[in-house]
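Undergrad: The following file, work_0.cif, comprises mmCIF, C-alpha atoms:
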data_coords
loop_
_atom_site.label_atom_id
_atom_site.label_comp_id
_atom_site.auth_asym_id
_atom_site.auth_seq_id
_atom_site.Cartn_x
_atom_site.Cartn_y
_atom_site.Cartn_z
CA MET F 1 -75.55 33.87 69.43
CA ALA F 2 -77.58 35.57 66.73
CA ASN F 3 -74.48 35.44 64.54
CA VAL F 4 -73.97 31.72 64.95
CA ASN F 5 -74.78 29.86 61.75
CA LEU F 6 -76.20 26.48 62.60
CA SER F 7 -76.48 25.39 58.97
CA ALA F 8 -74.91 21.90 58.34
CA GLY F 9 -73.81 22.65 54.78
CA ALA F 10 -71.05 25.18 55.47
CA GLY F 11 -68.46 22.72 56.86
CA GLU F 12 -69.04 20.28 54.01
CA ASP F 13 -68.47 22.97 51.34
CA PHE F 14 -65.18 23.95 52.92
CA GLY F 15 -63.74 20.31 52.94
CA GLY F 16 -64.96 19.56 49.29
CA SER F 17 -63.05 22.41 47.57
CA SER F 18 -59.64 21.45 49.04
CA SER F 19 -59.94 17.79 48.07
CA GLY F 20 -61.08 18.80 44.58
CA GLY F 21 -57.94 20.93 44.14
CA GLY F 22 -55.69 18.05 45.24
CA LEU F 23 -57.41 15.66 42.90
CA GLY F 24 -57.04 18.13 40.11
CA LEU F 25 -53.32 18.34 40.73
CA ILE F 26 -52.99 14.59 40.76
CA PHE F 27 -54.97 14.36 37.57
CA LEU F 28 -52.74 16.98 36.01
CA VAL F 29 -49.66 14.97 36.95
CA PHE F 30 -51.31 11.90 35.47
CA LEU F 31 -51.96 13.77 32.23
CA ILE F 32 -48.36 14.91 32.13
CA VAL F 33 -47.20 11.32 32.61
CA VAL F 34 -49.49 10.16 29.82
CA GLY F 35 -48.22 13.01 27.69
CA LEU F 36 -44.63 12.00 28.37
CA TYR F 37 -45.40 8.44 27.42
CA GLY F 38 -46.94 9.59 24.16
CA GLY F 39 -44.01 11.91 23.61
CA THR F 40 -41.48 9.10 23.87
CA PHE F 41 -43.24 7.22 21.10
CA PHE F 42 -43.39 10.29 18.92
CA TYR F 43 -39.76 11.24 19.50
CA GLY F 44 -38.68 7.66 19.03
CA SER F 45 -40.31 7.55 15.60
CA VAL F 46 -38.65 10.85 14.69
CA LEU F 47 -35.28 9.37 15.67
CA ASP F 48 -36.02 6.24 13.65
CA LYS F 49 -36.72 8.29 10.54
CA ASP F 50 -33.58 10.35 11.03
CA MET F 51 -31.56 7.18 11.49
CA GLU F 52 -32.99 5.67 8.33
CA LYS F 53 -32.12 8.79 6.34
CA VAL F 54 -28.57 8.91 7.69
CA GLN F 55 -28.02 5.23 6.98
CA ASN F 56 -29.39 5.59 3.46
CA ASP F 57 -27.10 8.58 2.87
CA TYR F 58 -24.16 6.57 4.20
CA ALA F 59 -24.94 3.60 1.95
CA LEU F 60 -25.15 5.89 -1.06
CA ALA F 61 -21.91 7.69 -0.21
CA TYR F 62 -20.18 4.36 0.39
CA SER F 63 -21.40 2.96 -2.89
CA ASN F 64 -20.28 6.06 -4.79
CA LEU F 65 -16.86 5.92 -3.14
CA VAL F 66 -16.10 2.29 -3.94
CA SER F 67 -17.53 2.30 -7.45
CA GLY F 68 -15.92 5.48 -8.74
CA GLU F 69 -12.30 6.12 -9.65
CA ALA F 70 -11.17 5.20 -6.15
CA LYS F 71 -9.56 2.05 -7.52
CA GLU F 72 -7.17 4.00 -9.75
CA VAL F 73 -6.33 6.41 -6.94
CA VAL F 74 -5.57 3.66 -4.43
CA ASP F 75 -3.64 1.68 -7.05
CA PHE F 76 -1.50 4.72 -7.88
CA ALA F 77 -0.79 5.32 -4.19
CA ASN F 78 0.12 1.67 -3.58
CA ARG F 79 2.30 1.53 -6.69
CA SER F 80 4.06 4.74 -5.61
CA ASP F 81 4.78 3.43 -2.14
CA ILE F 82 6.28 0.21 -3.45
CA SER F 83 8.25 2.01 -6.17
CA LYS F 84 9.77 4.30 -3.55
CA GLY F 85 11.27 1.27 -1.83
CA LEU F 86 12.51 -0.24 -5.09
CA LEU F 87 14.21 3.01 -6.16
CA SER F 88 16.41 2.98 -3.09
CA LYS F 89 17.71 -0.52 -3.80
CA GLY F 90 20.59 -1.67 -5.90
CA GLU F 91 24.06 -0.43 -6.74
CA ASP F 92 25.31 1.15 -9.91
CA THR F 93 27.99 -1.40 -10.74
CA SER F 94 29.55 0.86 -13.33
CA LYS F 95 30.52 3.15 -10.45
CA ILE F 96 32.14 0.24 -8.63
CA PHE F 97 34.14 -0.47 -11.76
CA SER F 98 35.13 3.19 -11.96
CA GLU F 99 36.37 3.17 -8.40
CA ILE F 100 38.41 0.01 -8.92
CA GLU F 101 39.87 1.60 -12.07
CA ARG F 102 40.87 4.61 -9.98
CA VAL F 103 42.78 2.61 -7.35
CA MET F 104 44.22 -0.03 -9.69
CA LEU F 105 47.98 0.05 -10.15
CA PRO F 106 49.26 0.23 -13.70
CA GLY F 107 50.60 -3.01 -15.06
CA ILE F 108 48.23 -5.26 -13.12
CA TYR F 109 44.73 -6.34 -14.15
CA LEU F 110 41.72 -8.33 -13.13
CA ASP F 111 41.31 -11.97 -13.99
CA SER F 112 37.72 -12.16 -12.75
CA TYR F 113 35.11 -10.06 -11.01
CA GLU F 114 32.16 -11.25 -8.98
CA TYR F 115 29.48 -9.08 -7.41
CA LYS F 116 26.85 -10.26 -4.91
CA GLY F 117 24.02 -7.80 -4.39
CA ASP F 118 22.53 -9.26 -1.23
CA GLU F 119 25.93 -9.15 0.49
CA LYS F 120 26.97 -5.86 -1.16
CA SER F 121 30.34 -7.40 -1.84
CA VAL F 122 32.76 -7.75 -4.71
CA SER F 123 35.31 -10.52 -5.08
CA VAL F 124 38.09 -10.01 -7.58
CA LYS F 125 41.08 -11.97 -8.72
CA VAL F 126 43.94 -9.64 -9.48
CA VAL F 127 46.91 -10.58 -11.63
CA CYS F 128 50.15 -9.00 -10.41
CA ASN F 129 53.75 -9.26 -11.46
CA ASN F 130 55.12 -9.80 -7.97
CA PHE F 131 54.17 -9.92 -4.30
CA ASP F 132 55.27 -6.33 -3.86
CA GLU F 133 52.45 -5.26 -6.16
CA VAL F 134 50.02 -7.46 -4.20
CA GLY F 135 50.75 -5.49 -1.05
CA LYS F 136 50.55 -2.12 -2.78
CA GLN F 137 47.30 -2.96 -4.48
CA LEU F 138 45.77 -4.06 -1.20
CA VAL F 139 46.76 -0.73 0.34
CA ASN F 140 45.09 1.08 -2.56
CA PHE F 141 41.87 -0.87 -2.13
CA LYS F 142 41.85 -0.04 1.57
CA SER F 143 42.34 3.63 0.83
CA SER F 144 39.09 3.77 -1.15
CA ASP F 145 36.05 5.42 0.42
CA MET F 146 33.73 3.04 -1.40
CA PHE F 147 34.79 -0.08 0.48
CA ASP F 148 34.61 -0.37 4.24
CA LEU F 149 36.12 -3.83 4.43
CA VAL F 150 38.94 -5.13 2.28
CA ARG F 151 40.14 -8.68 2.86
CA GLY F 152 43.05 -10.06 0.96
CA ASN F 153 42.79 -13.83 0.71
CA SER F 154 45.17 -16.11 -1.09
CA ALA F 155 48.01 -14.99 -3.37
CA LEU F 156 49.26 -17.81 -5.55
CA ALA F 157 51.99 -17.90 -8.11
CA ASP F 158 51.09 -18.95 -11.64
CA VAL F 159 54.42 -20.36 -12.70
CA ALA F 160 53.46 -20.83 -16.36
CA LYS F 161 52.49 -17.18 -16.78
CA ASN F 162 55.03 -15.92 -14.25
CA LYS F 163 52.33 -14.00 -12.46
CA ILE F 164 50.84 -13.79 -8.98
CA ILE F 165 47.09 -14.16 -8.77
CA PHE F 166 45.58 -12.96 -5.57
CA SER F 167 41.97 -12.88 -4.38
CA VAL F 168 40.43 -9.90 -2.65
CA ASP F 169 36.99 -9.46 -1.09
CA LEU F 170 35.63 -5.93 -1.00
CA LYS F 171 32.63 -4.93 1.08
CA ILE F 172 30.74 -1.92 -0.26
CA LYS F 173 29.69 0.74 2.21
CA MET X 1 -67.84 10.40 46.97
CA LYS X 2 -66.38 6.95 47.11
CA ILE X 3 -65.24 7.27 43.48
CA ARG X 4 -63.53 10.52 44.24
CA LEU X 5 -61.88 8.99 47.24
CA LEU X 6 -60.50 6.11 45.11
CA LEU X 7 -59.60 8.23 42.09
CA ALA X 8 -56.63 10.05 43.62
CA PRO X 9 -54.67 7.01 44.77
CA LEU X 10 -55.61 5.25 41.57
CA LEU X 11 -54.22 8.08 39.49
CA ILE X 12 -51.09 8.16 41.60
CA VAL X 13 -50.55 4.43 41.20
CA MET X 14 -51.21 4.59 37.49
CA SER X 15 -48.79 7.48 37.10
CA VAL X 16 -46.08 5.64 38.98
CA VAL X 17 -46.70 2.41 37.06
CA MET X 18 -46.58 4.22 33.74
CA ALA X 19 -43.39 6.04 34.70
CA ILE X 20 -41.59 2.91 35.84
CA TRP X 21 -42.91 0.31 33.44
CA PHE X 22 -43.44 2.30 30.26
CA ILE X 23 -41.73 5.67 30.23
CA TYR X 24 -38.38 4.63 31.71
CA PRO X 25 -37.95 1.56 29.39
CA ALA X 26 -38.91 3.75 26.43
CA TYR X 27 -36.21 6.19 27.46
CA THR X 28 -33.42 3.65 27.96
CA ASN X 29 -32.81 -0.10 27.84
CA GLY X 30 -30.14 0.24 30.55
CA GLY X 31 -27.44 -1.21 28.30
CA ASP X 32 -29.17 -4.55 27.90
CA SER X 33 -28.61 -5.54 24.29
CA LEU X 34 -31.49 -8.00 24.37
CA LYS X 35 -33.97 -5.21 24.91
CA PRO X 36 -35.01 -2.71 22.22
CA LEU X 37 -33.12 0.56 22.08
CA GLY X 38 -34.51 3.43 24.08
CA ILE X 39 -34.53 7.13 23.21
CA LYS X 40 -31.20 7.63 24.89
CA GLU X 41 -29.49 4.81 22.94
CA LYS X 42 -31.10 5.87 19.71
CA ARG X 43 -29.77 9.41 20.11
CA GLU X 44 -26.26 8.09 20.77
CA LYS X 45 -26.45 5.76 17.82
CA LEU X 46 -27.75 8.53 15.58
CA LYS X 47 -24.82 10.68 16.63
CA GLU X 48 -22.39 7.86 15.75
CA GLU X 49 -24.04 7.31 12.38
CA LYS X 50 -23.87 11.01 11.60
CA GLU X 51 -20.16 11.00 12.44
CA LYS X 52 -19.64 8.02 10.15
CA LEU X 53 -21.55 9.81 7.40
CA SER X 54 -19.46 12.93 7.88
CA LYS X 55 -16.25 10.87 7.66
CA ILE X 56 -17.25 9.10 4.50
CA GLU X 57 -18.34 12.35 2.89
CA GLY X 58 -14.90 13.73 3.71
CA LYS X 59 -13.26 10.69 2.14
CA THR X 60 -15.39 11.10 -0.97
CA ARG X 61 -14.36 14.74 -1.32
CA ARG X 62 -10.68 13.92 -0.95
CA MET X 63 -10.92 10.98 -3.32
CA SER X 64 -12.59 13.19 -5.94
CA ALA X 65 -9.78 15.72 -5.65
CA MET X 66 -7.14 13.02 -6.06
CA SER X 67 -9.01 11.50 -8.95
CA SER X 68 -9.02 14.87 -10.75
CA GLN X 69 -5.31 15.13 -10.04
CA LEU X 70 -4.76 11.72 -11.60
CA ARG X 71 -6.85 12.47 -14.66
CA SER X 72 -4.97 15.68 -15.31
CA SER X 73 -1.61 13.87 -15.39
CA ALA X 74 -2.08 10.61 -17.25
CA GLU X 75 1.62 10.58 -18.17
CA ASP X 76 2.53 10.26 -14.47
CA GLN X 77 0.41 7.16 -14.21
CA GLU X 78 2.05 5.78 -17.35
CA ALA X 79 5.53 6.53 -16.02
CA LEU X 80 4.74 4.74 -12.79
CA ARG X 81 3.30 1.75 -14.63
CA ASN X 82 6.38 1.57 -16.83
CA TYR X 83 8.60 1.54 -13.76
CA LEU X 84 6.52 -1.02 -11.91
CA PRO X 85 4.34 -2.68 -14.53
CA VAL X 86 1.13 -4.55 -14.01
CA SER X 87 2.48 -7.71 -15.62
CA MET X 88 5.92 -9.26 -16.16
CA GLY X 89 6.18 -7.83 -19.65
CA GLU X 90 8.94 -10.23 -20.59
CA GLU X 91 8.51 -9.29 -24.25
CA SER X 92 9.78 -5.80 -23.47
CA LEU X 93 12.65 -7.19 -21.41
CA PHE X 94 13.90 -9.35 -24.29
CA ASP X 95 13.51 -6.44 -26.67
CA ASN X 96 14.96 -3.66 -24.48
CA ILE X 97 17.91 -5.62 -23.11
CA ASN X 98 18.88 -6.80 -26.57
CA PHE X 99 18.55 -3.26 -27.92
CA ASN X 100 20.59 -1.71 -25.08
CA ALA X 101 23.35 -4.31 -25.53
CA SER X 102 23.41 -4.37 -29.32
CA SER X 103 23.52 -0.61 -29.57
CA LEU X 104 26.79 -0.76 -27.63
CA GLY X 105 28.23 -3.52 -29.77
CA ILE X 106 27.77 -6.24 -27.17
CA TYR X 107 26.79 -9.74 -28.22
CA VAL X 108 23.81 -11.12 -26.32
CA ALA X 109 24.44 -14.82 -25.78
CA GLY X 110 21.29 -15.43 -23.78
CA ILE X 111 18.39 -13.89 -21.87
CA THR X 112 16.34 -15.98 -19.46
CA VAL X 113 13.31 -14.68 -17.61
CA LEU X 114 12.55 -16.96 -14.69
CA SER X 115 9.19 -17.61 -13.09
CA PRO X 116 8.19 -15.07 -10.50
CA ARG X 117 8.50 -15.57 -6.80
CA GLY X 118 6.44 -13.39 -4.62
CA VAL X 119 3.63 -12.99 -2.17
CA PRO X 120 0.24 -13.71 -3.70
CA SER X 121 -2.31 -11.01 -3.34
CA PRO X 122 -4.27 -11.21 -0.10
CA ALA X 123 -7.91 -12.17 -0.34
CA VAL X 124 -10.30 -9.27 -0.47
CA VAL X 125 -13.03 -9.34 2.16
CA ALA X 126 -16.32 -7.69 1.37
CA GLN X 127 -17.97 -5.26 3.74
CA GLU X 128 -21.69 -4.85 3.79
CA PRO X 129 -22.75 -1.22 3.78
CA ALA X 130 -25.13 0.17 6.40
CA VAL X 131 -28.52 -1.48 6.28
CA PRO X 132 -31.23 1.20 6.33
CA GLY X 133 -33.62 0.79 9.20
CA ASP X 134 -31.44 -1.61 11.13
CA LEU X 135 -31.29 0.22 14.39
CA SER X 136 -30.61 -2.56 16.80
CA SER X 137 -27.53 -4.33 15.45
CA SER X 138 -24.02 -3.39 14.50
CA VAL X 139 -23.70 -2.09 10.93
CA VAL X 140 -20.35 -3.64 10.05
CA THR X 141 -19.32 -7.19 10.81
CA GLY X 142 -16.12 -9.16 10.26
CA MET X 143 -13.95 -6.58 8.40
CA PRO X 144 -10.17 -6.16 8.34
CA ALA X 145 -8.87 -2.78 9.49
CA GLU X 146 -7.66 -1.61 6.03
CA ILE X 147 -7.88 -2.53 2.38
CA PRO X 148 -5.48 -5.45 1.79
CA MET X 149 -3.14 -4.20 -0.93
CA PRO X 150 -1.49 -6.35 -3.58
CA LYS X 151 2.22 -6.90 -3.00
CA GLU X 152 4.91 -6.76 -5.66
CA VAL X 153 5.92 -10.02 -7.31
CA THR X 154 9.64 -10.43 -8.00
CA PHE X 155 11.33 -12.53 -10.65
CA GLU X 156 14.84 -12.91 -12.03
CA THR X 157 16.22 -12.14 -15.45
CA LYS X 158 19.52 -13.79 -16.34
CA ILE X 159 21.65 -12.31 -19.08
CA VAL X 160 24.78 -13.70 -20.71
CA LEU X 161 26.82 -11.21 -22.73
CA LEU X 162 30.05 -11.19 -24.63
CA GLY X 163 31.91 -7.98 -25.15
CA ASP X 164 34.87 -5.89 -24.20
CA TYR X 165 35.23 -4.16 -20.87
CA PRO X 166 34.25 -0.54 -21.72
CA LYS X 167 31.08 -1.68 -23.46
CA ILE X 168 30.15 -4.05 -20.64
CA LYS X 169 30.65 -1.26 -18.14
CA ASP X 170 28.43 1.07 -20.20
CA PHE X 171 25.76 -1.59 -20.48
CA LEU X 172 25.67 -2.10 -16.72
CA GLY X 173 25.41 1.65 -16.26
CA LYS X 174 22.49 1.70 -18.68
CA MET X 175 20.70 -1.07 -16.83
CA TYR X 176 21.00 0.92 -13.61
CA LEU X 177 19.39 3.88 -15.38
CA TYR X 178 16.72 1.72 -17.02
CA ARG X 179 13.30 3.18 -16.30
CA ARG X 180 11.97 -0.09 -15.07
CA ALA X 181 12.60 -1.34 -11.51
CA ASN X 182 15.57 -3.69 -11.50
CA GLU X 183 18.28 -4.62 -9.06
CA LEU X 184 21.52 -6.35 -10.01
CA THR X 185 21.73 -9.26 -7.61
CA SER X 186 24.79 -10.99 -9.02
CA LEU X 187 27.44 -10.38 -11.65
CA GLU X 188 30.29 -12.54 -12.85
CA VAL X 189 32.83 -11.21 -15.31
CA LYS X 190 35.61 -13.39 -16.65
CA LYS X 191 37.85 -13.53 -19.63
CA MET X 192 36.87 -15.75 -22.47
CA GLU X 193 39.43 -18.29 -23.64
CA LYS X 194 40.62 -17.71 -27.17
CA SER X 195 39.47 -21.14 -28.27
CA GLU X 196 35.82 -20.34 -27.42
CA ALA X 197 33.28 -18.31 -29.43
CA SER X 198 35.49 -15.30 -29.88
CA SER X 199 39.15 -15.29 -30.78
CA ALA X 200 39.51 -11.59 -30.07
CA GLU X 201 41.71 -10.53 -27.19
CA GLY X 202 39.99 -8.90 -24.24
CA VAL X 203 36.54 -10.34 -24.82
CA LEU X 204 34.77 -10.85 -21.55
CA GLN X 205 31.88 -13.11 -20.67
CA VAL X 206 29.34 -11.58 -18.35
CA ASP X 207 26.70 -13.50 -16.42
CA ALA X 208 24.32 -11.08 -14.77
CA VAL X 209 21.16 -11.68 -12.77
CA PHE X 210 18.69 -8.85 -12.30
CA LYS X 211 15.82 -8.95 -9.87
CA MET X 212 12.74 -7.32 -11.32
CA ALA X 213 9.21 -6.78 -10.14
CA HIS X 214 5.69 -6.26 -11.24
CA LEU X 215 2.57 -5.34 -9.32
CA GLN X 216 -0.85 -6.47 -10.35
CA GLU X 217 -3.57 -3.90 -10.55
CA LEU X 218 -5.91 -3.47 -7.61
CA ASP X 219 -8.99 -5.44 -8.59
CA LYS X 220 -11.65 -3.44 -6.80
CA ILE X 221 -12.30 -1.45 -3.69
CA THR X 222 -14.56 -3.24 -1.26
CA ASN X 223 -13.58 -1.31 1.85
CA VAL X 224 -13.08 2.39 2.49
CA GLU X 225 -10.53 2.03 5.28
CA THR X 226 -7.28 3.14 3.74
CA PRO X 227 -4.86 5.93 4.68
CA VAL X 228 -5.05 7.05 1.02
CA PHE X 229 -8.51 8.54 1.59
CA GLU X 230 -7.19 10.59 4.52
CA LYS X 231 -4.78 12.51 2.27
CA ASP X 232 -5.64 15.69 0.42
CA SER X 233 -3.53 14.96 -2.63
CA LEU X 234 -1.54 12.21 -4.31
CA ASP X 235 2.18 12.05 -3.67
CA LYS X 236 3.86 12.29 -7.05
CA SER X 237 7.38 12.73 -5.75
CA VAL X 238 8.21 9.15 -6.71
CA VAL X 239 7.35 9.82 -10.34
CA SER X 240 9.63 12.86 -10.32
CA GLU X 241 12.37 10.78 -8.75
CA ILE X 242 11.98 8.07 -11.40
CA ARG X 243 12.22 10.66 -14.16
CA SER X 244 15.30 12.30 -12.67
CA LYS X 245 17.24 9.17 -11.65
CA LYS X 246 16.35 6.84 -14.51
CA ASN X 247 16.68 8.04 -18.07
CA VAL X 248 16.87 4.91 -20.21
CA GLU X 249 13.40 4.53 -21.64
CA VAL X 250 11.25 1.45 -21.56
CA PHE X 251 9.49 0.57 -24.77
CA TYR X 252 7.05 -2.15 -25.59
CA PRO X 253 7.13 -3.91 -28.96
CA ASP X 254 3.97 -3.82 -31.01
CA PRO X 255 2.43 -6.93 -32.48
CA VAL X 256 3.46 -7.62 -36.07
CA PRO X 257 1.17 -9.40 -38.56
CA GLY X 258 2.11 -13.05 -38.90
CA GLY X 259 1.22 -15.88 -41.25
CA LYS X 260 3.07 -19.10 -42.09
CA GLU X 261 2.24 -22.32 -43.81
CA ASN X 262 5.06 -24.56 -42.67
CA LEU X 263 5.82 -23.96 -39.05
CA PHE X 264 9.07 -25.96 -39.23
CA ALA X 265 10.49 -24.38 -42.34
CA PRO X 266 12.41 -21.06 -42.09
#
Written as structure tokens, that's how I'd like the structure from this file.
TA:
Amino acid sequence: MANVNLSAGAGEDFGGSSSGGGLGLIFLVFLIVVGLYGGTFFYGSVLDKDMEKVQNDYALAYSNLVSGEAKEVVDFANRSDISKGLLSKGEDTSKIFSEIERVMLPGIYLDSYEYKGDEKSVSVKVVCNNFDEVGKQLVNFKSSDMFDLVRGNSALADVAKNKIIFSVDLKIK
Amino acid sequence: MKIRLLLAPLLIVMSVVMAIWFIYPAYTNGGDSLKPLGIKEKREKLKEEKEKLSKIEGKTRRMSAMSSQLRSSAEDQEALRNYLPVSMGEESLFDNINFNASSLGIYVAGITVLSPRGVPSPAVVAQEPAVPGDLSSSVVTGMPAEIPMPKEVTFETKIVLLGDYPKIKDFLGKMYLYRRANELTSLEVKKMEKSEASSAEGVLQVDAVFKMAHLQELDKITNVETPVFEKDSLDKSVVSEIRSKKNVEVFYPDPVPGGKENLFAP
């Protein structure tokens, strides 16, 4: 019993230190939360400044791109693309003439020649001496690699000239 | 004592309130476009803007390289513009066709250049560049996907010639090799009657129609969306092809000093 401490203050000291530590922890958490809140504002303003710089840089780069020699470059490219398509169009009619010369029988000749580019076709009127030549000339046209369709139309006698004039349509390959 | 007892729950409540009502909204707006952007959205947007900047810097580099390429070969640009000119250039057509025919001994009975038919150039829509400091709205509004390019305008040139067969054939060959875009769309060749302009045997009358084109110059660039800026160099193969396949030159007459008192007297 001599060792029993009857002082009233001991129990109170023991309870006060544990509650003070808990409060301190809570206060620390509160400070961290406040710090985070402040941090979001600070970081947000940093992001805003970065964004402004990037957007300014973009506007400057954009302006330099459209105001420089881009117009000539794009024009050249566009003109090239369209020219490429135009180069592939059209027939060299002198070559068609050369081919007809090659398959034409001696002694007969053309009375007229008509070429239609959109249809890639040639219509000719051939003047022959007789119907035998009409047939032979048709065979020659059909033997040509230039024409994939040869259609003999009418063959009419020109009594005054003693000739046969026949019409042929040739479709170019 | 009482204050200390109240302080802990108060701090807890305040911490929770701050976290939910202030910190979380500052971090993100949850995808609600009516609310200001949070940190998370700003970071994403900054990343997008940096990517856009990187792309446009790449386009600028490539455009500069192509521009240097163009400057170093001005004759290529000239060759292309001769082949597909900016304007109709009917004065050169009258001059060149007459020259090509006359040099072969062919009589030019008539040249007619008809009004063009073609697609008018599309309207150019302007794009506003990025607005500095505008963090909450979209940068670009109402733009087409690419630069609308001018289209070629076609027109017809009708020619009436008188000459003999070999010369007519040579002339047509020359027109095919003419260094200006043209396409023979129709050709009629028939014998002239002796009682008409020429009494010579074997004179033919030729009625030819050529389709030609011109392409107006691009007015200005108001938009950077074009496949051209994605290429590292200009494609000049077309110019080489023009030079190799077409060898009859185009020339443009120069103005000659005039001056006349009586306009109706020769």
Undergrad: On this file, the PyMOL selection byres ((chain F) within 7 of (chain X)) gives some set of residues; write that set as JSON, numbers by chain.
TA: {"F": [23, 26, 27, 30, 33, 37, 40, 44, 47, 51, 52, 54, 55, 56, 58, 59, 61, 62, 65, 66, 69, 70, 71, 73, 74, 75, 77, 80, 83, 84, 86, 89, 90, 92, 93, 94, 111, 112, 113, 114, 115, 116, 117, 118]}
Undergrad: So which one's closest to Tyr178 (chain X), F:Glu119, F:Leu87, F:Asn162, F:Asn140? Using all atoms listed in the file, please.
TA: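 Among the listed residues, the smallest separation from Tyr178 (chain X) belongs to F:Leu87.
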Undergrad: For the file shown, what are the residues hit by the PyMOL selection byres ((chain F and resi 124-136) around 9), laid out as a ChimeraX atom specification?
TA: /F:105,107-115,122-123,137-141,155,157,162-170
Undergrad: Go through the shown structure with the PyMOL selection byres ((chain F and resi 149) around 9) and write out the matching residues as a ChimeraX atom specification.
TA: /F:142,147-148,150-151,169-173
Undergrad: Restricting the calculation to all atoms listed in the file: of F:Ser144, F:Ala160, F:Lys120, F:Glu72, which residue gets closest to Met104 (chain F)?
TA: F:Ser144
Undergrad: Would you mind telling me which residue in X:Glu90, X:Glu225, X:Glu261, X:Glu78 lies nearest to Pro148 (chain X) when using only C-alpha atoms?
TA: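 Of all the options, X:Glu225 lies closest to Pro148 (chain X).
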Undergrad: Find the distance between CA of Phe42 (chain F) and CA of Asp32 (chain X) and write it in Å to one decimal.
TA: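 Calculated distance between CA of Phe42 (chain F) and CA of Asp32 (chain X) is 22.4 Å.
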